[in-house]
Amino acid sequence: MTLHELFDMAAAFYKRREQDMDEKMMILAWQTSHIMNSSGNYKKAIKPSDIYKSIFDEDENKKARKGELTPVNRDEKNAELAALQAKFNR
């Protein structure tokens with residue numbers, strides 16, 4: 001087995017472990033939301049997604065993923081900086 005294959009196996013193992021933990025957390029959020037809703041103490045129904053958001057949801061995580069950098073447009077950055085300076089009179 002090559003070193004590259006070994007690293008791929010380790011990465012797959014940890015990815016699967018993350019998926020298992022995510023699934024357990026979703027089940028726990030589902031169960032907790034049912035307990036909270038059945039108590040009658042809340043005006044609106046609590047959804048499992050209010051308690052726990054999956055780390056594998058693409059819609060939620062596209063904007064802010066761990067370790068990823070977002071490109072910055074210099075013109076937009078300078079315009080925002082000028083607006084802040086004007087706001088605080090500097």
# chains A, B, ... in the order shown; residues from 1 in each chain; ligands from 1
>>> select_by_dssp(residues="chain A", states="alpha helix (DSSP H)", output="compact mmCIF listing (two decimals) with N, CA, C and O atoms, in the first residue's frame")
# COMPACT_ATOMS: atom_id res chain seq x y z
N LEU A 3 1.83 5.34 0.37
CA LEU A 3 1.57 6.34 1.39
C LEU A 3 0.33 7.16 1.05
O LEU A 3 -0.46 7.50 1.94
N HIS A 4 0.15 7.45 -0.22
CA HIS A 4 -1.02 8.20 -0.66
C HIS A 4 -2.32 7.44 -0.37
O HIS A 4 -3.31 8.02 0.09
N GLU A 5 -2.31 6.14 -0.62
CA GLU A 5 -3.49 5.33 -0.33
C GLU A 5 -3.77 5.27 1.17
O GLU A 5 -4.92 5.30 1.59
N LEU A 6 -2.72 5.22 1.96
CA LEU A 6 -2.87 5.21 3.41
C LEU A 6 -3.52 6.51 3.90
O LEU A 6 -4.43 6.49 4.73
N PHE A 7 -3.07 7.65 3.37
CA PHE A 7 -3.66 8.93 3.74
C PHE A 7 -5.11 9.03 3.29
O PHE A 7 -5.95 9.59 4.00
N ASP A 8 -5.41 8.50 2.11
CA ASP A 8 -6.80 8.50 1.63
C ASP A 8 -7.69 7.66 2.56
O ASP A 8 -8.82 8.04 2.85
N MET A 9 -7.17 6.53 3.01
CA MET A 9 -7.95 5.69 3.93
C MET A 9 -8.20 6.41 5.25
O MET A 9 -9.30 6.35 5.80
N ALA A 10 -7.19 7.10 5.76
CA ALA A 10 -7.35 7.83 7.02
C ALA A 10 -8.35 8.96 6.86
O ALA A 10 -9.21 9.18 7.73
N ALA A 11 -8.27 9.67 5.75
CA ALA A 11 -9.21 10.77 5.50
C ALA A 11 -10.64 10.25 5.38
O ALA A 11 -11.58 10.85 5.92
N ALA A 12 -10.81 9.12 4.71
CA ALA A 12 -12.14 8.53 4.56
C ALA A 12 -12.68 8.06 5.91
O ALA A 12 -13.86 8.22 6.21
N PHE A 13 -11.80 7.52 6.75
CA PHE A 13 -12.21 7.07 8.07
C PHE A 13 -12.73 8.24 8.90
O PHE A 13 -13.79 8.16 9.52
N TYR A 14 -11.99 9.36 8.91
CA TYR A 14 -12.40 10.51 9.70
C TYR A 14 -13.63 11.20 9.13
O TYR A 14 -14.46 11.71 9.87
N LYS A 15 -13.77 11.19 7.81
CA LYS A 15 -14.98 11.74 7.19
C LYS A 15 -16.21 10.93 7.60
O LYS A 15 -17.26 11.48 7.92
N ARG A 16 -16.09 9.60 7.59
CA ARG A 16 -17.19 8.73 8.00
C ARG A 16 -17.54 8.93 9.47
O ARG A 16 -18.70 8.92 9.85
N ARG A 17 -16.50 9.13 10.30
CA ARG A 17 -16.74 9.39 11.72
C ARG A 17 -17.50 10.70 11.93
O ARG A 17 -18.40 10.78 12.76
N GLU A 18 -17.15 11.73 11.14
CA GLU A 18 -17.88 13.00 11.20
C GLU A 18 -19.33 12.82 10.78
O GLU A 18 -20.24 13.40 11.38
N GLN A 19 -19.55 12.02 9.72
CA GLN A 19 -20.92 11.78 9.26
C GLN A 19 -21.74 11.04 10.31
O GLN A 19 -22.92 11.35 10.52
N ASP A 20 -21.14 10.07 10.98
CA ASP A 20 -21.85 9.34 12.04
C ASP A 20 -22.22 10.27 13.18
O ASP A 20 -23.35 10.23 13.69
N MET A 21 -21.29 11.12 13.60
CA MET A 21 -21.57 12.05 14.69
C MET A 21 -22.63 13.06 14.28
O MET A 21 -23.52 13.40 15.07
N ASP A 22 -22.59 13.50 13.04
CA ASP A 22 -23.58 14.44 12.54
C ASP A 22 -24.97 13.80 12.54
O ASP A 22 -25.96 14.44 12.94
N GLU A 23 -25.04 12.54 12.14
CA GLU A 23 -26.32 11.84 12.14
C GLU A 23 -26.87 11.69 13.56
O GLU A 23 -28.05 11.90 13.81
N LYS A 24 -25.99 11.36 14.51
CA LYS A 24 -26.42 11.23 15.90
C LYS A 24 -26.91 12.57 16.45
O LYS A 24 -27.91 12.63 17.19
N MET A 25 -26.24 13.65 16.08
CA MET A 25 -26.66 14.97 16.56
C MET A 25 -28.00 15.38 15.94
O MET A 25 -28.82 16.01 16.60
N MET A 26 -28.24 15.01 14.68
CA MET A 26 -29.53 15.31 14.06
C MET A 26 -30.66 14.54 14.74
O MET A 26 -31.74 15.08 14.97
N ILE A 27 -30.41 13.28 15.10
CA ILE A 27 -31.41 12.49 15.81
C ILE A 27 -31.67 13.09 17.19
O ILE A 27 -32.83 13.19 17.63
N LEU A 28 -30.63 13.51 17.88
CA LEU A 28 -30.78 14.13 19.19
C LEU A 28 -31.57 15.44 19.08
O LEU A 28 -32.43 15.73 19.92
N ALA A 29 -31.31 16.24 18.06
CA ALA A 29 -32.04 17.49 17.86
C ALA A 29 -33.51 17.21 17.56
O ALA A 29 -34.40 17.91 18.05
N TRP A 30 -33.77 16.18 16.78
CA TRP A 30 -35.15 15.79 16.47
C TRP A 30 -35.89 15.39 17.75
O TRP A 30 -37.00 15.84 18.01
N GLN A 31 -35.24 14.56 18.55
CA GLN A 31 -35.85 14.10 19.79
C GLN A 31 -36.07 15.27 20.75
O GLN A 31 -37.13 15.40 21.36
N THR A 32 -35.09 16.14 20.89
CA THR A 32 -35.20 17.28 21.78
C THR A 32 -36.30 18.22 21.35
O THR A 32 -37.04 18.76 22.17
N SER A 33 -36.45 18.42 20.04
CA SER A 33 -37.51 19.32 19.56
C SER A 33 -38.89 18.76 19.89
O SER A 33 -39.79 19.51 20.24
N HIS A 34 -39.04 17.44 19.79
CA HIS A 34 -40.32 16.84 20.15
C HIS A 34 -40.61 16.99 21.65
O HIS A 34 -41.75 17.27 22.04
N ILE A 35 -39.60 16.81 22.48
CA ILE A 35 -39.79 16.98 23.92
C ILE A 35 -40.14 18.43 24.24
O ILE A 35 -41.05 18.70 25.02
N MET A 36 -39.44 19.35 23.61
CA MET A 36 -39.70 20.77 23.87
C MET A 36 -41.10 21.17 23.40
O MET A 36 -41.81 21.91 24.09
N ASN A 37 -41.51 20.68 22.23
CA ASN A 37 -42.83 21.02 21.70
C ASN A 37 -43.95 20.39 22.53
O ASN A 37 -45.01 20.99 22.69
N SER A 38 -43.72 19.20 23.04
CA SER A 38 -44.78 18.54 23.82
C SER A 38 -44.94 19.15 25.21
O SER A 38 -45.96 18.96 25.85
N SER A 39 -43.94 19.90 25.67
CA SER A 39 -44.05 20.51 27.00
C SER A 39 -45.06 21.66 27.00
O SER A 39 -45.61 21.97 28.05
N PRO A 48 -36.13 20.85 14.55
CA PRO A 48 -34.79 20.30 14.81
C PRO A 48 -33.69 21.17 14.20
O PRO A 48 -32.59 21.27 14.75
N SER A 49 -33.98 21.84 13.09
CA SER A 49 -32.97 22.69 12.46
C SER A 49 -32.69 23.94 13.28
O SER A 49 -31.66 24.59 13.09
N ASP A 50 -33.60 24.31 14.19
CA ASP A 50 -33.34 25.43 15.10
C ASP A 50 -32.34 25.05 16.17
O ASP A 50 -31.62 25.90 16.70
N ILE A 51 -32.28 23.77 16.49
CA ILE A 51 -31.39 23.28 17.55
C ILE A 51 -30.02 22.91 17.00
O ILE A 51 -29.00 23.23 17.59
N GLU A 58 -24.91 22.02 2.37
CA GLU A 58 -24.18 22.84 1.42
C GLU A 58 -24.67 24.28 1.41
O GLU A 58 -23.90 25.20 1.27
N ASP A 59 -25.98 24.50 1.55
CA ASP A 59 -26.53 25.85 1.50
C ASP A 59 -25.99 26.70 2.64
O ASP A 59 -25.63 27.86 2.44
N GLU A 60 -25.95 26.15 3.83
CA GLU A 60 -25.51 26.90 5.00
C GLU A 60 -24.01 27.13 4.97
O GLU A 60 -23.53 28.17 5.39
N ASN A 61 -23.26 26.15 4.50
CA ASN A 61 -21.82 26.20 4.64
C ASN A 61 -21.08 26.73 3.43
O ASN A 61 -19.86 26.80 3.45
N ARG A 74 -10.66 44.79 -4.23
CA ARG A 74 -10.02 45.97 -3.67
C ARG A 74 -10.94 47.20 -3.73
O ARG A 74 -10.97 48.00 -2.79
N ASP A 75 -11.67 47.35 -4.81
CA ASP A 75 -12.56 48.52 -4.93
C ASP A 75 -13.66 48.49 -3.88
O ASP A 75 -13.97 49.51 -3.25
N GLU A 76 -14.25 47.32 -3.67
CA GLU A 76 -15.29 47.19 -2.64
C GLU A 76 -14.71 47.44 -1.25
O GLU A 76 -15.32 48.10 -0.42
N LYS A 77 -13.51 46.91 -1.02
CA LYS A 77 -12.86 47.10 0.28
C LYS A 77 -12.59 48.57 0.54
O LYS A 77 -12.87 49.10 1.61
N ASN A 78 -12.07 49.28 -0.47
CA ASN A 78 -11.77 50.70 -0.31
C ASN A 78 -13.05 51.52 -0.13
O ASN A 78 -13.06 52.49 0.63
N ALA A 79 -14.13 51.15 -0.83
CA ALA A 79 -15.39 51.87 -0.68
C ALA A 79 -15.95 51.68 0.72
O ALA A 79 -16.44 52.64 1.35
N GLU A 80 -15.89 50.47 1.25
CA GLU A 80 -16.37 50.22 2.61
C GLU A 80 -15.51 50.94 3.64
O GLU A 80 -16.02 51.48 4.63
N LEU A 81 -14.21 50.96 3.42
CA LEU A 81 -13.30 51.66 4.33
C LEU A 81 -13.59 53.16 4.32
O LEU A 81 -13.63 53.80 5.37
N ALA A 82 -13.81 53.72 3.14
CA ALA A 82 -14.14 55.15 3.04
C ALA A 82 -15.47 55.46 3.73
O ALA A 82 -15.61 56.50 4.39
N ALA A 83 -16.44 54.57 3.60
CA ALA A 83 -17.73 54.78 4.26
C ALA A 83 -17.57 54.75 5.78
O ALA A 83 -18.18 55.56 6.49
N LEU A 84 -16.75 53.85 6.29
CA LEU A 84 -16.50 53.79 7.73
C LEU A 84 -15.77 55.04 8.21
O LEU A 84 -16.08 55.60 9.27
N GLN A 85 -14.78 55.49 7.44
CA GLN A 85 -14.07 56.69 7.83
C GLN A 85 -14.96 57.91 7.82
O GLN A 85 -14.88 58.78 8.69
N ALA A 86 -15.86 57.98 6.85
CA ALA A 86 -16.80 59.09 6.80
C ALA A 86 -17.79 59.02 7.96
O ALA A 86 -18.17 60.05 8.53
N LYS A 87 -18.18 57.83 8.32
CA LYS A 87 -19.13 57.64 9.42
C LYS A 87 -18.54 58.10 10.75
O LYS A 87 -19.23 58.70 11.57
>>> atom_distance(atom1="atom CA of A:Phe56", atom2="atom CA of A:Leu69")
18.4 Å
>>> atom_distance(atom1="atom CA of A:Pro71", atom2="atom CA of A:Asp57")
22.1 Å
